[in-house]
Structure formats: structure tokens, C-alpha cells
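See below for the structure under consideration.
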Amino acid sequence: MLTVGCSAIDQASQSDQPARSDGEFRSAEGKECLDWFRKLDEAIDRAGVRDAEAYRVPGYPYLRVNRFLASFRQQASNDPTAFSAWQKRLRALDERARSYEISNLPQGQLATLEVSSRPEVTGRTNQCAGSLATLDAASVSRRHLLTERAHVPDDYDELKRTVGVYPVVSMAFFEFAKKWQNESAGTFQQTAAGTFEQKNIVRYRPPDNALPAQRIASILSNAKTDALGIPEIGDRERETLFATFAPVFEIDTTGDYDRFGPLRWGAGETPEVDVSRPTVYRRLAYTRYGGRSLMQLVYMIWFTERPQNNSLDPLSGKLDGIAFRVTLNPSGRPLVYDSIHLCGCYHMFFPTPAVSPIPPPDPNVEWAFVPRTLPVIEAPQRVVVRMTTRSHYLIDVHPDAGGDGTNYAMANDSELRTIPTADGTRSAFGPTGIVPGTDRGERLVTWPLGIESAGAMREWGRHATALVGRRQFDDADLIERRFQISPSGG
């Protein structure tokens, strides 16, 4: 009974077309557009090409929301100008996601939509989105309902936690997390002291085109903001930021499993890594602090696998990866660096002197593991991210002192959502945001924590990072709740 009840709730929450009054859409165009989105979504789900990065707002099939934009709901509900800017951003999220879904649709599915080409699908979708947006914006009740529904559920399954007696098992996992933190902190100390042995360090660095701090400050001070206060910069300025803060990676290398590169599709169910072309994926993200929107630069690398240490290794499997993020203050100086593996595991924070940690509200939840603090780092100086062989654990983050290395290229992480295949394109991620074939044995033990397939590689927006408690890598208040910016650091 509990399972059926939860299933019904989930289906209702994901429905794109809740009951509407007969007179709500009087125009034939509105009814036809709702029918178009229904057919399009059915085709997308039949083909298994749903993009899971952003959350589809129930009842608004032309809108999606992420955690950052969901944090503006109150502001949007109180200010018509802010609502308009907010709705446009939700629309842009859906438009982008649908472009990937339409690209990844098998050719045979186009016939079910009674269209002859993908551009025709895109054109019809955009036309209907505009029509529905106009109709909804004119309705006070629809605007109010949108601000209520545009929230993003976290990636913790409450039913699994209930069945798995989470309050009991979480204590054991919390002890495990503390043990890992203590061991990692010790490894960071050994690495800093030069006593942690690594014999085969390969150094990867971005091209030398970083700008000094004064130029970066100028870019951000001249950035325009919309009605929500979100800074916007051009493509050229964005490239400059990515180039300036790109880290140096130093990896203890004993095999190809320690080399990173772009993903590609081969004959298997899991994407492959082309280790002949060192490539870092990057994305621009945002967080909020004190009502202001701060830019974040995210850098991601993908390895072919985490190889087995023995036949029963529960952490090994296909693909592995690291995300390293830089949070900037409004003048373009780093506040906090943090990192995860692309399963959402092993979340670490590396604060600068511009911030100080805030104590956890509860001593029995994972909060902010800080294995090392960093000194003031002024652009164009970079940071070095040091990793182990095989497990790819971070064991040090420190200012770069310079040196030669292998140059890596950079690519937008959106490319992962439409990777070329022999007959079209295919996303690296499945409909739930998990990379197919990357399941780990640890999921058989950790399921009571409510994390789907713990250890598997995930799409942006789907990284639950705490074993105990609830925390997402893209929470809009993640930094604000854990660090206090000093008067001189903001």
C-alpha cells in the first residue's frame, strides 16, 4: 500500500498536464499546443532520451527549473518584472533541454509526431511554448501556481529511507564518513609535508591565457544584471573567466585509467573516454549569498574507469570523474573551492581567507569537510589539484608554482548531452541522469540512505553529496549556509 501510494504521488508530481478548467484555454491554439507537448513527451519517453538535468515544472510543459532559479520563487511572486525575467529563464532551460531531446530522438519517432524533420519539431515546440507562456502570464492564478510548483525535489528517496530504517543505519554510515574524513585529512597533511609517495606524476595544464585580477574585476563590474540580479557576460568574457581560473591537474599515473579525455560512444552501453586528447569539460553556474548571485566556474574530467583493487571491490566500475568548482566574489576573487567525484561522492571544501566556516546546525550530519585551507590566490596564479592513481582521490589542492606540463583542451559540458553516434546523437546520461553501465557494488549496501545507485556517475543537477542528511552539489544556498564571508572578502 505504501509503495502504491508513493507511486501515485510521484506520477502526479511529474504530470505535465494537471486538470484545468474547461474555460482556461478557450483558444484552439492553446489546446492544440498542450496536445503537441503531450505527444512530444510521449515520444521522448518511449525513446528513453529524456534529459534529467533540470526539473520539469508540473503543469507547465514548456518550463523547467533548477535549484538556483527555484530560489527566486518568492521574488518572482512579488514583482511582475522579476516574474517575467524568471519565466524567461525557466523557458530557456526547457528550450535547451528539448533541443537535446529532439536531437537524440530516433528517426522513427518523428513519424509518431506527424512531422518530417527535427527542425519542424523544434519550430512547433518553440511556437507552442510562446503561446502557452503568453496565456499563463496573463492569468494571475497560473502565475501563482507556477511559483508554487517551481521547486526541485532532492535526489533522496524517502521511501527507501523509511523501509531501510534510515535513523538507525545512518549512524553507522556517519561513522564511516567521519573515518574517511579523518583519513583524507591525514593524507592531505602527508602530501603537503612531502611524505606521501607518488612516483609517476603527470601534470596537465590549460593554455597560458589567464588575465590578472584587475582585468577580471573589470569584467565582472561591467557585467549587466537582469531583473533578478543575475549577472550576465558575453561569450568572450566567459571564455576569459574559464581560462583564468582553470586548475592544473597532477595525477599519479600507472595506467590509462588515470588519463582523462572527452567522452564518445562506441559499441558498448557505456560511453568511452578518448585518453589521447586530454580534455576538461566546463560550465558556468551560480550560487546565492546575501541576496546576491555569485558566479561559479566548474571544471570536470572523465576517466575510463576506477579499476578493481580486488574481485570484491564495491567502489570499482566503468568511468570515473572529478568536478572542481571555483566560487567567485562580485569582484572576481575566489572565495571557496570545492570538489566531488562525479558520483556525488567525496565532497571537499577548500576555503580561502575571504571566508570562515560556519559550525554545523547538527553534529550528526555531514556538513562541510575542509581538509585544507588555501592562502590568498590572485589571478593569474592557478591552483593545483593533485590526485592518486586508480581511485583518483584528491590528496592536495595548493597554489601553483609554475612548471611545464601537457596542455589540455576545454569543452562545454553541454556536449555530453548530444554525443555523435553513427546514426545521430545520444546523451551520455540516461533518463534519470545516471550514466548507463556505471553502477557500483556499493549501491547494494547504501540503498537505505535513499540515493539511487550510489557510486554511479551522474549528470549535473543530480549529485546528492551527503550520505547522512541531505545536500546537493548545486544547492543555491550551499556556500552561504556553510561559510561566512569576511568584511574584506565580499
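We label chains A, B, ... in the order they appear in the C-alpha cells, count residues from 1 in each chain, and number ligands from 1 in the order shown.
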For segment 117-122 of chain A: contacts at 10 Å, only C-alpha atoms, fewer than 4 positions along chain excluded, given as a VMD selection string: chain A and resid 36 40 95 98 to 99 102 to 105 107 110 to 111 113 126 to 128
Residue contacts of segment 132-145 of chain A (12 Å, only C-alpha atoms) excluding same-chain residues fewer than 2 positions away, as a ChimeraX atom specification: /A:18,20-21,24-37,57-63,73-81,83-92,125-130,147-151
Residue neighbourhood Glu269 of chain A, 8 Å, only C-alpha atoms, exclusion window fewer than 2 positions, as a PyMOL selection string: chain A and resi 267+271+436-437
Would you put the residues from that selection into a file with all heavy atoms, as a PDB file, in the first residue's frame?
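As a result, part22.pdb now contains:
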```pdb
ATOM      1  N   ALA A 267      30.666   0.850 -29.146  1.00  0.00           N
ATOM      2  CA  ALA A 267      29.685  -0.221 -29.321  1.00  0.00           C
ATOM      3  C   ALA A 267      29.006  -0.625 -28.020  1.00  0.00           C
ATOM      4  O   ALA A 267      27.986  -1.318 -28.044  1.00  0.00           O
ATOM      5  CB  ALA A 267      30.363  -1.444 -29.947  1.00  0.00           C
ATOM      6  N   PRO A 271      29.497   5.142 -22.329  1.00  0.00           N
ATOM      7  CA  PRO A 271      30.415   5.958 -23.130  1.00  0.00           C
ATOM      8  C   PRO A 271      31.871   5.592 -22.844  1.00  0.00           C
ATOM      9  O   PRO A 271      32.214   5.146 -21.746  1.00  0.00           O
ATOM     10  CB  PRO A 271      30.108   7.387 -22.682  1.00  0.00           C
ATOM     11  CG  PRO A 271      28.760   7.334 -22.067  1.00  0.00           C
ATOM     12  CD  PRO A 271      28.630   5.963 -21.472  1.00  0.00           C
ATOM     13  N   PRO A 436      24.650   5.211 -18.049  1.00  0.00           N
ATOM     14  CA  PRO A 436      24.383   3.769 -18.077  1.00  0.00           C
ATOM     15  C   PRO A 436      25.661   2.948 -17.947  1.00  0.00           C
ATOM     16  O   PRO A 436      26.711   3.318 -18.474  1.00  0.00           O
ATOM     17  CB  PRO A 436      23.722   3.559 -19.442  1.00  0.00           C
ATOM     18  CG  PRO A 436      24.120   4.744 -20.262  1.00  0.00           C
ATOM     19  CD  PRO A 436      24.248   5.879 -19.301  1.00  0.00           C
ATOM     20  N   GLY A 437      25.545   1.851 -17.213  1.00  0.00           N
ATOM     21  CA  GLY A 437      26.666   0.927 -17.074  1.00  0.00           C
ATOM     22  C   GLY A 437      27.704   1.319 -16.052  1.00  0.00           C
ATOM     23  O   GLY A 437      28.744   0.674 -15.955  1.00  0.00           O
TER      24      GLY A 437
END
```
Nearest to Gly461 of chain A, chosen from A:Gly266, A:Pro363, A:Gly344, A:Gly229, with only C-alpha atoms counted in the distances: A:Gly344
Counting only C-alpha atoms, the option among A:Ile44, A:Ala456, A:Ile251, A:Ala466 closest to Ser316 of chain A: A:Ala456
Close residues, segment 442-453 of chain A itself excluded, 7 Å, only C-alpha atoms, min 3 positions apart in chain, as a VMD selection string: chain A and resid 155 to 158 160 to 161 164 to 166 314 to 315 439 456 467
Helix (DSSP H, G or I) per DSSP on the backbone: members of segment 46-250 of chain A, as number ranges by chain: A: 46-47, 67-70, 73-78, 80-104, 107-112, 118-137, 140-149, 158-163, 166-193, 213-221, 235-245
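Counting from atom CA of Ser218 of chain A, the distance to atom CA of Pro357 of chain A is 28.5 Å.
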